[in-house]
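Enquirer: Following this line is target.csv, made up of CSV, C-alpha atoms and all ligand atoms:
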```csv
chain,number,residue,atom,x,y,z
A,1,MET,CA,16.7,-9.4,50.5
A,2,ALA,CA,16.4,-9.5,46.7
A,3,ARG,CA,15.9,-12.8,44.9
A,4,SER,CA,19.2,-14.2,43.6
A,5,PHE,CA,20.0,-16.8,41.0
A,6,LEU,CA,22.8,-18.8,42.5
A,7,THR,CA,21.8,-22.3,41.6
A,8,ALA,CA,19.5,-23.7,39.0
A,9,THR,CA,17.1,-24.8,41.7
A,10,ASP,CA,16.5,-21.1,42.6
A,11,LEU,CA,14.0,-21.5,39.7
A,12,SER,CA,10.8,-23.6,39.5
A,13,SER,CA,9.7,-25.2,36.2
A,14,GLU,CA,7.3,-22.3,35.8
A,15,ASP,CA,10.0,-19.7,36.3
A,16,LEU,CA,12.2,-21.5,33.7
A,17,PHE,CA,9.5,-21.4,31.0
A,18,ALA,CA,8.6,-17.8,31.9
A,19,ILE,CA,12.3,-16.8,31.4
A,20,PHE,CA,12.3,-18.7,28.0
A,21,GLU,CA,9.3,-16.6,26.9
A,22,ARG,CA,10.8,-13.3,28.0
A,23,ALA,CA,14.1,-14.2,26.3
A,24,ARG,CA,12.1,-15.0,23.1
A,25,ILE,CA,10.3,-11.6,23.1
A,26,LEU,CA,13.4,-9.6,24.1
A,27,LYS,CA,15.4,-11.4,21.4
A,28,GLU,CA,13.0,-10.1,18.8
A,29,SER,CA,13.2,-6.6,20.2
A,30,ILE,CA,17.0,-6.7,20.4
A,31,LYS,CA,17.2,-7.9,16.8
A,32,GLU,CA,15.1,-5.0,15.7
A,33,ARG,CA,17.3,-2.6,17.7
A,34,LYS,CA,14.2,-1.4,19.7
A,35,THR,CA,14.8,1.0,22.6
A,36,LEU,CA,14.1,-0.9,25.8
A,37,ASP,CA,13.8,0.4,29.3
A,38,VAL,CA,13.3,-2.8,31.3
A,39,LEU,CA,16.4,-1.9,33.4
A,40,ARG,CA,16.1,1.9,33.4
A,41,ASN,CA,17.8,3.4,36.4
A,42,ARG,CA,19.4,0.1,37.3
A,43,VAL,CA,23.1,-0.2,37.9
A,44,ILE,CA,24.5,-3.7,37.8
A,45,GLY,CA,28.0,-4.8,38.8
A,46,ILE,CA,29.9,-7.5,36.9
A,47,LEU,CA,32.3,-9.0,39.4
A,48,PHE,CA,34.5,-11.7,37.7
A,49,GLU,CA,37.3,-13.5,39.5
A,50,LYS,CA,38.0,-15.6,36.3
A,51,PRO,CA,38.3,-14.8,32.6
A,52,SER,CA,35.2,-14.7,30.5
A,53,THR,CA,34.4,-13.9,26.9
A,54,ARG,CA,30.8,-14.8,26.5
A,55,THR,CA,29.2,-14.5,30.0
A,56,ARG,CA,30.7,-11.1,30.8
A,57,THR,CA,30.1,-9.6,27.3
A,58,SER,CA,26.6,-11.1,26.9
A,59,PHE,CA,25.4,-9.8,30.3
A,60,GLU,CA,27.0,-6.4,29.8
A,61,SER,CA,25.5,-6.1,26.4
A,62,ALA,CA,22.1,-7.3,27.6
A,63,ILE,CA,22.1,-4.8,30.5
A,64,LEU,CA,22.9,-1.9,28.2
A,65,ARG,CA,20.4,-3.0,25.6
A,66,LEU,CA,17.7,-3.2,28.3
A,67,GLY,CA,18.4,0.4,29.3
A,68,GLY,CA,20.5,-0.3,32.4
A,69,ALA,CA,24.2,0.5,33.2
A,70,ALA,CA,26.9,-2.1,33.8
A,71,ILE,CA,30.1,-1.6,35.8
A,72,TYR,CA,32.9,-4.1,35.4
A,73,LEU,CA,34.6,-4.9,38.7
A,74,ALA,CA,37.9,-6.7,38.3
A,75,PRO,CA,39.0,-8.3,41.7
A,76,ASN,CA,42.5,-7.1,41.0
A,77,ASP,CA,41.3,-3.5,41.1
A,78,LEU,CA,39.3,-3.9,44.3
A,79,GLN,CA,40.4,-4.1,47.9
A,80,ILE,CA,39.5,-7.8,47.8
A,81,LYS,CA,42.9,-8.2,46.3
A,82,ARG,CA,44.4,-6.8,49.5
A,83,GLY,CA,42.3,-9.0,51.8
A,84,GLU,CA,39.1,-7.0,52.3
A,85,PRO,CA,36.5,-9.7,53.2
A,86,ILE,CA,33.7,-10.5,50.7
A,87,GLU,CA,31.3,-9.8,53.5
A,88,ASP,CA,32.4,-6.1,53.8
A,89,THR,CA,32.7,-5.8,50.0
A,90,GLY,CA,29.2,-7.1,49.7
A,91,ARG,CA,27.8,-4.7,52.3
A,92,MET,CA,29.3,-1.7,50.4
A,93,LEU,CA,28.5,-2.8,46.9
A,94,GLY,CA,25.0,-3.7,48.0
A,95,SER,CA,24.4,0.0,48.7
A,96,TYR,CA,25.9,1.2,45.4
A,97,LEU,CA,24.4,-1.3,43.0
A,98,ASP,CA,21.0,-2.9,42.2
A,99,ALA,CA,22.4,-6.3,41.3
A,100,VAL,CA,25.7,-8.2,40.6
A,101,VAL,CA,26.6,-10.8,38.1
A,102,ALA,CA,29.5,-12.7,39.7
A,103,ARG,CA,31.9,-15.3,38.4
A,104,VAL,CA,33.8,-16.9,41.3
A,105,TYR,CA,36.1,-19.9,42.2
A,106,ASP,CA,34.3,-21.0,45.3
A,107,HIS,CA,30.4,-21.3,45.2
A,108,GLN,CA,30.4,-20.1,48.8
A,109,THR,CA,31.5,-16.6,47.6
A,110,VAL,CA,28.3,-16.0,45.6
A,111,GLN,CA,26.3,-17.2,48.6
A,112,ASP,CA,28.1,-14.9,51.0
A,113,PHE,CA,28.0,-12.0,48.6
A,114,SER,CA,24.2,-12.4,48.2
A,115,ARG,CA,23.7,-12.7,52.0
A,116,TYR,CA,25.8,-9.6,52.9
A,117,SER,CA,24.8,-7.3,50.0
A,118,GLY,CA,21.1,-8.0,50.1
A,119,ILE,CA,20.9,-7.3,46.3
A,120,ALA,CA,20.1,-9.8,43.5
A,121,VAL,CA,23.2,-11.9,42.7
A,122,ILE,CA,23.4,-13.8,39.5
A,123,ASN,CA,25.9,-16.7,39.4
A,124,GLY,CA,27.9,-16.3,36.2
A,125,LEU,CA,29.8,-19.6,37.0
A,126,SER,CA,31.2,-21.1,40.1
A,127,ASN,CA,33.1,-24.3,40.8
A,128,LEU,CA,29.7,-25.9,41.5
A,129,GLU,CA,27.3,-24.5,38.8
A,130,HIS,CA,26.8,-22.4,35.7
A,131,PRO,CA,23.1,-21.9,35.9
A,132,THR,CA,22.7,-19.0,33.4
A,133,GLN,CA,24.5,-21.1,30.8
A,134,ALA,CA,22.1,-24.0,31.3
A,135,VAL,CA,19.0,-21.7,31.0
A,136,CYS,CA,20.4,-20.1,27.8
A,137,ASP,CA,21.2,-23.6,26.4
A,138,LEU,CA,17.7,-24.9,26.9
A,139,PHE,CA,16.3,-21.8,25.4
A,140,THR,CA,18.4,-22.6,22.3
A,141,ILE,CA,17.1,-26.2,22.2
A,142,LEU,CA,13.5,-24.9,22.5
A,143,GLU,CA,14.2,-22.5,19.7
A,144,THR,CA,15.7,-25.2,17.5
A,145,LYS,CA,13.5,-28.2,18.3
A,146,GLY,CA,10.3,-26.4,19.2
A,147,GLU,CA,10.1,-28.3,22.5
A,148,VAL,CA,12.3,-29.5,25.3
A,149,LYS,CA,10.1,-31.9,27.4
A,150,GLY,CA,10.7,-35.5,26.4
A,151,LEU,CA,13.9,-34.8,24.4
A,152,THR,CA,17.2,-36.4,25.4
A,153,LEU,CA,20.4,-34.4,26.0
A,154,THR,CA,23.6,-36.4,26.3
A,155,TYR,CA,26.5,-34.7,28.0
A,156,ILE,CA,29.9,-36.2,27.4
A,157,GLY,CA,32.8,-35.0,29.6
A,158,ASP,CA,33.5,-33.7,33.0
A,159,GLY,CA,30.6,-33.9,35.5
A,160,ASN,CA,31.3,-30.5,37.0
A,161,ASN,CA,29.7,-27.0,37.0
A,162,VAL,CA,28.1,-26.9,33.5
A,163,CYS,CA,27.0,-30.5,33.8
A,164,HIS,CA,25.5,-29.9,37.3
A,165,SER,CA,23.4,-27.0,36.1
A,166,LEU,CA,22.3,-28.9,32.9
A,167,LEU,CA,21.2,-31.8,35.1
A,168,LEU,CA,19.0,-29.5,37.3
A,169,ILE,CA,17.7,-27.4,34.4
A,170,CYS,CA,16.9,-30.4,32.2
A,171,ALA,CA,15.1,-32.0,35.2
A,172,LEU,CA,13.1,-28.8,35.7
A,173,ALA,CA,12.2,-28.7,32.0
A,174,GLY,CA,11.2,-32.4,31.9
A,175,MET,CA,14.1,-33.2,29.5
A,176,ASN,CA,16.0,-36.5,29.8
A,177,MET,CA,19.7,-36.3,30.3
A,178,ASN,CA,22.4,-39.0,29.9
A,179,VAL,CA,25.8,-38.2,31.3
A,180,ALA,CA,29.0,-40.1,30.3
A,181,CYS,CA,32.0,-39.3,32.4
A,182,PRO,CA,35.3,-41.1,33.1
A,183,VAL,CA,35.6,-42.8,36.4
A,184,GLY,CA,36.2,-40.2,39.1
A,185,TYR,CA,34.6,-37.3,37.2
A,186,SER,CA,30.9,-38.1,37.7
A,187,PRO,CA,28.5,-35.3,38.9
A,188,ARG,CA,28.3,-34.8,42.6
A,189,PRO,CA,25.9,-37.3,44.3
A,190,ASP,CA,24.0,-34.5,46.0
A,191,ILE,CA,23.3,-32.7,42.7
A,192,LEU,CA,22.3,-36.0,41.1
A,193,ASP,CA,19.9,-36.7,44.0
A,194,GLU,CA,18.4,-33.2,43.7
A,195,ALA,CA,18.0,-33.6,39.9
A,196,ASN,CA,16.4,-37.0,40.3
A,197,GLU,CA,14.0,-35.7,42.8
A,198,ILE,CA,12.9,-32.9,40.4
A,199,ALA,CA,12.9,-35.4,37.5
A,200,GLU,CA,10.4,-37.6,39.3
A,201,LYS,CA,7.9,-34.8,39.3
A,202,THR,CA,8.5,-33.6,35.7
A,203,GLY,CA,8.8,-37.0,34.1
A,204,ALA,CA,12.4,-36.6,33.1
A,205,LYS,CA,14.9,-39.5,33.2
A,206,ILE,CA,18.5,-39.1,34.2
A,207,GLU,CA,21.2,-41.7,33.6
A,208,VAL,CA,24.9,-41.6,34.4
A,209,LEU,CA,27.1,-44.0,32.4
A,210,ASP,CA,30.7,-44.4,31.7
A,211,ASP,CA,30.4,-45.4,28.0
A,212,PRO,CA,30.0,-42.4,25.7
A,213,LYS,CA,28.5,-44.6,22.9
A,214,GLU,CA,25.8,-46.0,25.1
A,215,ALA,CA,25.0,-42.5,26.4
A,216,ALA,CA,24.8,-41.0,22.8
A,217,GLU,CA,22.5,-43.6,21.4
A,218,GLY,CA,19.4,-41.9,20.0
A,219,ALA,CA,20.3,-38.5,21.7
A,220,ASP,CA,18.6,-35.4,20.4
A,221,ILE,CA,21.4,-33.2,21.7
A,222,LEU,CA,25.1,-34.0,22.2
A,223,TYR,CA,26.7,-31.6,24.5
A,224,THR,CA,30.3,-31.2,25.8
A,225,ASP,CA,32.5,-28.8,27.8
A,226,VAL,CA,36.3,-28.4,28.2
A,227,TRP,CA,38.3,-31.2,29.8
A,228,VAL,CA,40.3,-28.8,31.9
A,229,SER,CA,38.3,-26.2,33.7
A,230,MET,CA,39.5,-22.8,34.8
A,231,GLY,CA,41.5,-23.2,38.0
A,232,GLU,CA,42.5,-26.8,37.1
A,233,GLU,CA,45.5,-25.9,35.0
A,234,GLY,CA,47.8,-27.9,37.4
A,235,GLU,CA,45.8,-31.1,36.6
A,236,GLU,CA,46.0,-30.8,32.8
A,237,GLU,CA,48.1,-33.9,32.1
A,238,THR,CA,46.0,-36.1,34.4
A,239,LYS,CA,42.8,-34.8,33.0
A,240,LEU,CA,43.8,-35.1,29.3
A,241,ASN,CA,44.7,-38.8,30.0
A,242,ALA,CA,41.5,-39.5,31.9
A,243,PHE,CA,39.2,-37.9,29.2
A,244,GLU,CA,40.7,-39.6,26.2
A,245,GLY,CA,37.8,-41.2,24.3
A,246,TYR,CA,35.2,-38.8,25.8
A,247,GLN,CA,35.1,-36.8,22.6
A,248,ILE,CA,32.2,-35.7,20.4
A,249,ASN,CA,33.3,-36.7,16.9
A,250,ALA,CA,31.7,-38.0,13.7
A,251,ASP,CA,31.5,-41.6,15.0
A,252,LEU,CA,29.7,-40.6,18.2
A,253,LEU,CA,27.4,-38.3,16.2
A,254,SER,CA,26.4,-41.1,13.9
A,255,ILE,CA,25.1,-43.0,17.0
A,256,ALA,CA,22.8,-40.1,18.0
A,257,SER,CA,19.4,-39.4,16.5
A,258,LYS,CA,19.7,-38.5,12.8
A,259,ASP,CA,18.4,-35.0,13.6
A,260,ALA,CA,20.7,-34.6,16.6
A,261,ARG,CA,22.3,-31.2,17.2
A,262,VAL,CA,25.7,-30.6,18.8
A,263,MET,CA,26.3,-28.0,21.6
A,264,HIS,CA,29.3,-26.8,23.5
A,265,CYS,CA,29.3,-24.0,26.1
A,266,LEU,CA,32.7,-22.8,24.7
A,267,PRO,CA,35.6,-22.1,24.8
A,268,ALA,CA,36.3,-25.2,22.6
A,269,HIS,CA,39.5,-27.2,22.4
A,270,ARG,CA,39.3,-28.8,18.9
A,271,GLY,CA,40.9,-32.2,18.9
A,272,GLN,CA,40.2,-32.7,22.7
A,273,GLU,CA,36.5,-32.7,23.7
A,274,ILE,CA,35.2,-32.1,20.2
A,275,THR,CA,36.6,-32.4,16.7
A,276,SER,CA,36.9,-29.6,14.2
A,277,ASP,CA,34.6,-31.2,11.6
A,278,VAL,CA,31.8,-31.7,14.1
A,279,ILE,CA,31.9,-28.2,15.7
A,280,GLU,CA,32.0,-26.7,12.2
A,281,GLY,CA,29.6,-29.2,10.7
A,282,PRO,CA,25.9,-28.9,9.7
A,283,GLN,CA,24.6,-30.4,13.0
A,284,SER,CA,26.4,-27.9,15.2
A,285,ILE,CA,24.3,-25.2,16.8
A,286,VAL,CA,27.2,-23.9,18.8
A,287,TRP,CA,27.2,-20.3,17.4
A,288,GLN,CA,23.4,-19.9,17.8
A,289,GLN,CA,23.9,-21.2,21.3
A,290,ALA,CA,26.6,-18.6,22.0
A,291,GLU,CA,24.5,-15.8,20.6
A,292,ASN,CA,21.6,-16.9,22.8
A,293,LYS,CA,23.7,-16.3,25.9
A,294,MET,CA,22.9,-12.6,25.4
A,295,HIS,CA,19.1,-13.1,24.8
A,296,GLY,CA,18.9,-15.6,27.6
A,297,ALA,CA,20.8,-13.1,29.8
A,298,ALA,CA,18.2,-10.5,28.9
A,299,GLY,CA,15.4,-12.9,29.8
A,300,ILE,CA,17.1,-13.7,33.2
A,301,LEU,CA,17.7,-10.0,34.0
A,302,ASP,CA,14.2,-9.1,33.1
A,303,TYR,CA,12.7,-11.9,35.2
A,304,PHE,CA,14.9,-11.3,38.3
A,305,LEU,CA,15.1,-7.5,38.2
A,306,SER,CA,12.1,-5.9,36.6
B,401,LIG,N1,30.4,-20.4,28.2
B,401,LIG,C1,31.0,-19.5,28.9
B,401,LIG,O1,30.7,-19.2,30.1
B,401,LIG,O2,32.0,-18.8,28.3
B,401,LIG,P1,32.9,-17.7,29.0
B,401,LIG,O3,33.9,-18.4,29.9
B,401,LIG,O4,33.6,-17.0,27.8
B,401,LIG,O5,32.1,-16.7,29.7
B,402,LIG,N1,33.8,-26.1,33.0
B,402,LIG,C1,34.3,-24.9,32.4
B,402,LIG,C2,33.2,-24.0,31.9
B,402,LIG,C3,33.7,-22.8,31.1
B,402,LIG,C4,32.5,-22.0,30.6
B,402,LIG,C5,35.1,-24.1,33.5
B,402,LIG,O1,34.7,-24.1,34.6
B,402,LIG,O2,36.2,-23.5,33.1
```
Is it possible to give me this structure as structure tokens?
Expert:
Amino acid sequence: MARSFLTATDLSSEDLFAIFERARILKESIKERKTLDVLRNRVIGILFEKPSTRTRTSFESAILRLGGAAIYLAPNDLQIKRGEPIEDTGRMLGSYLDAVVARVYDHQTVQDFSRYSGIAVINGLSNLEHPTQAVCDLFTILETKGEVKGLTLTYIGDGNNVCHSLLLICALAGMNMNVACPVGYSPRPDILDEANEIAEKTGAKIEVLDDPKEAAEGADILYTDVWVSMGEEGEEETKLNAFEGYQINADLLSIASKDARVMHCLPAHRGQEITSDVIEGPQSIVWQQAENKMHGAAGILDYFLS
């Protein structure tokens, strides 16, 4: 059974920093358009149940740049659409492919796929987590600030998948995290417990608050995500009302550290979770963050597959 990356805690702190180092080296090589053969003779499936601009393209591009081959598998074109169980699909694809990057609705699907295929499965977002996003984001913070341990990341918004993985990855990295969510949208208690347990060992501090201003005070990084996640379209009106005030704007940024940087996993909804002036402003590192999804993907692929 190959090693999969389904949840942030499939990594140790040592694994995480080793991936950062591989991403840093591979980024230099990729920028210089060097020929790389880290994934030579490897065929990797990209099985996405939901739309994606960044995760799909960054992984496909990283696979090709590292000398491997990527095959995009749209569920609508597979027999999954006609009811073939994920267990059977996994068994077949496991014999055709060396690894799969999967984006799914239900986290259980990546777990089942990994179990039945036996190949490495990389979670490219589920309802529960977005672990590759969090790894790439801390790589960007390391690149920007020169360190991650002891810094504070404040997450404003929905305590769901992206927030869950950031909690766990920040804890592994020894980075403090403040979370400000409206009532009813806090991170899952089991994820918080897991993050706190890791944080105790790495010296990180985690706080969940409901006041964005209190959470933003002195933060090194302000981070947000969409208010309405994929699959939640039916809850749009309720969520837009619930999240009013949980926005990264110039006022909130003025409360953070004077060198604070702003991050967003994207896609962004200007005027909702972030204002246009802030995402386009001098403290935004959102585009560097988006580029680093490819270099982080290269580091992850190298670490898990080579
Ligand atoms: N941040 C992120 O995962 O973007 P995509 O949905 O475009 O992949
Ligand atoms: N929370 C968002 C993240 C998008 C990258 C979603 O699940 O749609």
Enquirer: Using all atoms listed in the file, find the one residue out of A:Leu138, A:Leu172, A:Val179, A:Leu125 that sits nearest to Arg54 in chain A.
Expert: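 When distances to Arg54 in chain A are compared using all atoms listed in the file, the smallest one comes from A:Leu125.
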Enquirer: Name the closest residue to His295 in chain A among the candidates A:Ser58, A:Asn196, A:Gln247, A:Ser114; distances are taken between atoms, counting only C-alpha atoms.
Expert: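 Selected residue with least distance to His295 in chain A: A:Ser58.
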Enquirer: Just want the 8 Å neighbourhood of range 284-291 of chain A, counted on only C-alpha atoms, with same-chain residues fewer than 3 positions away dropped. Output as a list in words.
Expert: Arg54, Cys136, Asp137, Thr140, Arg261, Val262, Met263, His264, Cys265, Leu266, Val278, Ile279, Glu280, Gly281, Met294 and His295 of chain A
Enquirer: How would the residues just picked look written out with C-alpha atoms as a PDB file, in the frame of the given file?
Expert:
```
ATOM      1  CA  ARG A  54      30.800 -14.800  26.500  1.00  0.00           C
ATOM      2  CA  CYS A 136      20.400 -20.100  27.800  1.00  0.00           C
ATOM      3  CA  ASP A 137      21.200 -23.600  26.400  1.00  0.00           C
ATOM      4  CA  THR A 140      18.400 -22.600  22.300  1.00  0.00           C
ATOM      5  CA  ARG A 261      22.300 -31.200  17.200  1.00  0.00           C
ATOM      6  CA  VAL A 262      25.700 -30.600  18.800  1.00  0.00           C
ATOM      7  CA  MET A 263      26.300 -28.000  21.600  1.00  0.00           C
ATOM      8  CA  HIS A 264      29.300 -26.800  23.500  1.00  0.00           C
ATOM      9  CA  CYS A 265      29.300 -24.000  26.100  1.00  0.00           C
ATOM     10  CA  LEU A 266      32.700 -22.800  24.700  1.00  0.00           C
ATOM     11  CA  VAL A 278      31.800 -31.700  14.100  1.00  0.00           C
ATOM     12  CA  ILE A 279      31.900 -28.200  15.700  1.00  0.00           C
ATOM     13  CA  GLU A 280      32.000 -26.700  12.200  1.00  0.00           C
ATOM     14  CA  GLY A 281      29.600 -29.200  10.700  1.00  0.00           C
ATOM     15  CA  MET A 294      22.900 -12.600  25.400  1.00  0.00           C
ATOM     16  CA  HIS A 295      19.100 -13.100  24.800  1.00  0.00           C
TER      17      HIS A 295
END
```
Enquirer: Show me which residues sit within 12 Å of ligand LIG 401 (chain B) when counting all atoms listed in the file, and put them as an NGL selection string.
Expert: :A and (46 or 48-60 or 101-104 or 123-126 or 129-137 or 161-162 or 224-226 or 229-230 or 263-268 or 286-287 or 289-294 or 297)
Enquirer: Could you check the closest approach to ligand LIG 402 (chain B) for each of A:Asp158, A:Asp15, A:Glu194, A:Asp302 and tell me which residue wins, using all atoms listed in the file?
Expert: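 Of A:Asp158, A:Asp15, A:Glu194, A:Asp302, the one nearest ligand LIG 402 (chain B) is A:Asp158, counting all atoms listed in the file.
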Enquirer: What's the 7 Å shell around range 62-77 of chain A, counting only C-alpha atoms, without same-chain residues fewer than 6 positions away, as a VMD selection string?
Expert: chain A and resid 36 to 49 294 297 to 298
Enquirer: Deliver the residues from the most recent selection as a file, using C-alpha atoms, as a PDB file, in the frame of the given file.
Expert:
```pdb
ATOM      1  CA  LEU A  36      14.100  -0.900  25.800  1.00  0.00           C
ATOM      2  CA  ASP A  37      13.800   0.400  29.300  1.00  0.00           C
ATOM      3  CA  VAL A  38      13.300  -2.800  31.300  1.00  0.00           C
ATOM      4  CA  LEU A  39      16.400  -1.900  33.400  1.00  0.00           C
ATOM      5  CA  ARG A  40      16.100   1.900  33.400  1.00  0.00           C
ATOM      6  CA  ASN A  41      17.800   3.400  36.400  1.00  0.00           C
ATOM      7  CA  ARG A  42      19.400   0.100  37.300  1.00  0.00           C
ATOM      8  CA  VAL A  43      23.100  -0.200  37.900  1.00  0.00           C
ATOM      9  CA  ILE A  44      24.500  -3.700  37.800  1.00  0.00           C
ATOM     10  CA  GLY A  45      28.000  -4.800  38.800  1.00  0.00           C
ATOM     11  CA  ILE A  46      29.900  -7.500  36.900  1.00  0.00           C
ATOM     12  CA  LEU A  47      32.300  -9.000  39.400  1.00  0.00           C
ATOM     13  CA  PHE A  48      34.500 -11.700  37.700  1.00  0.00           C
ATOM     14  CA  GLU A  49      37.300 -13.500  39.500  1.00  0.00           C
ATOM     15  CA  MET A 294      22.900 -12.600  25.400  1.00  0.00           C
ATOM     16  CA  ALA A 297      20.800 -13.100  29.800  1.00  0.00           C
ATOM     17  CA  ALA A 298      18.200 -10.500  28.900  1.00  0.00           C
TER      18      ALA A 298
END
```
Enquirer: Suppose you want the space between CA of Leu97 in chain A and CA of Ser306 in chain A; what is it in Å?
Expert: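 Between these atoms lies a distance of 14.6 Å.
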Enquirer: Could you name the residues that touch Leu209 in chain A at 10 Å or less, counting only C-alpha atoms, but leaving out those on the same chain fewer than 5 positions away, as a PyMOL selection string?
Expert: chain A and resi 156+178-183+186+214-215
Enquirer: Within 6 Å of (24.3, -15.8, 41.9), all atoms listed in the file: residues as a CSV table (one decimal) with C-alpha atoms, in the frame of the given file?
Expert:
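The resulting selection00.csv:
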```csv
chain,number,residue,atom,x,y,z
A,4,SER,CA,19.2,-14.2,43.6
A,5,PHE,CA,20.0,-16.8,41.0
A,6,LEU,CA,22.8,-18.8,42.5
A,110,VAL,CA,28.3,-16.0,45.6
A,121,VAL,CA,23.2,-11.9,42.7
A,122,ILE,CA,23.4,-13.8,39.5
A,123,ASN,CA,25.9,-16.7,39.4
```
Enquirer: When you draw a straight line from CA of Gly157 in chain A to CA of Tyr246 in chain A, how long is it in Å?
Expert: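 Calculated distance between CA of Gly157 in chain A and CA of Tyr246 in chain A is 5.9 Å.
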Enquirer: Separation of CA of Ala256 in chain A and CA of Ala204 in chain A, in Å?
Expert: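 Here the two named atoms are 18.7 Å from each other.
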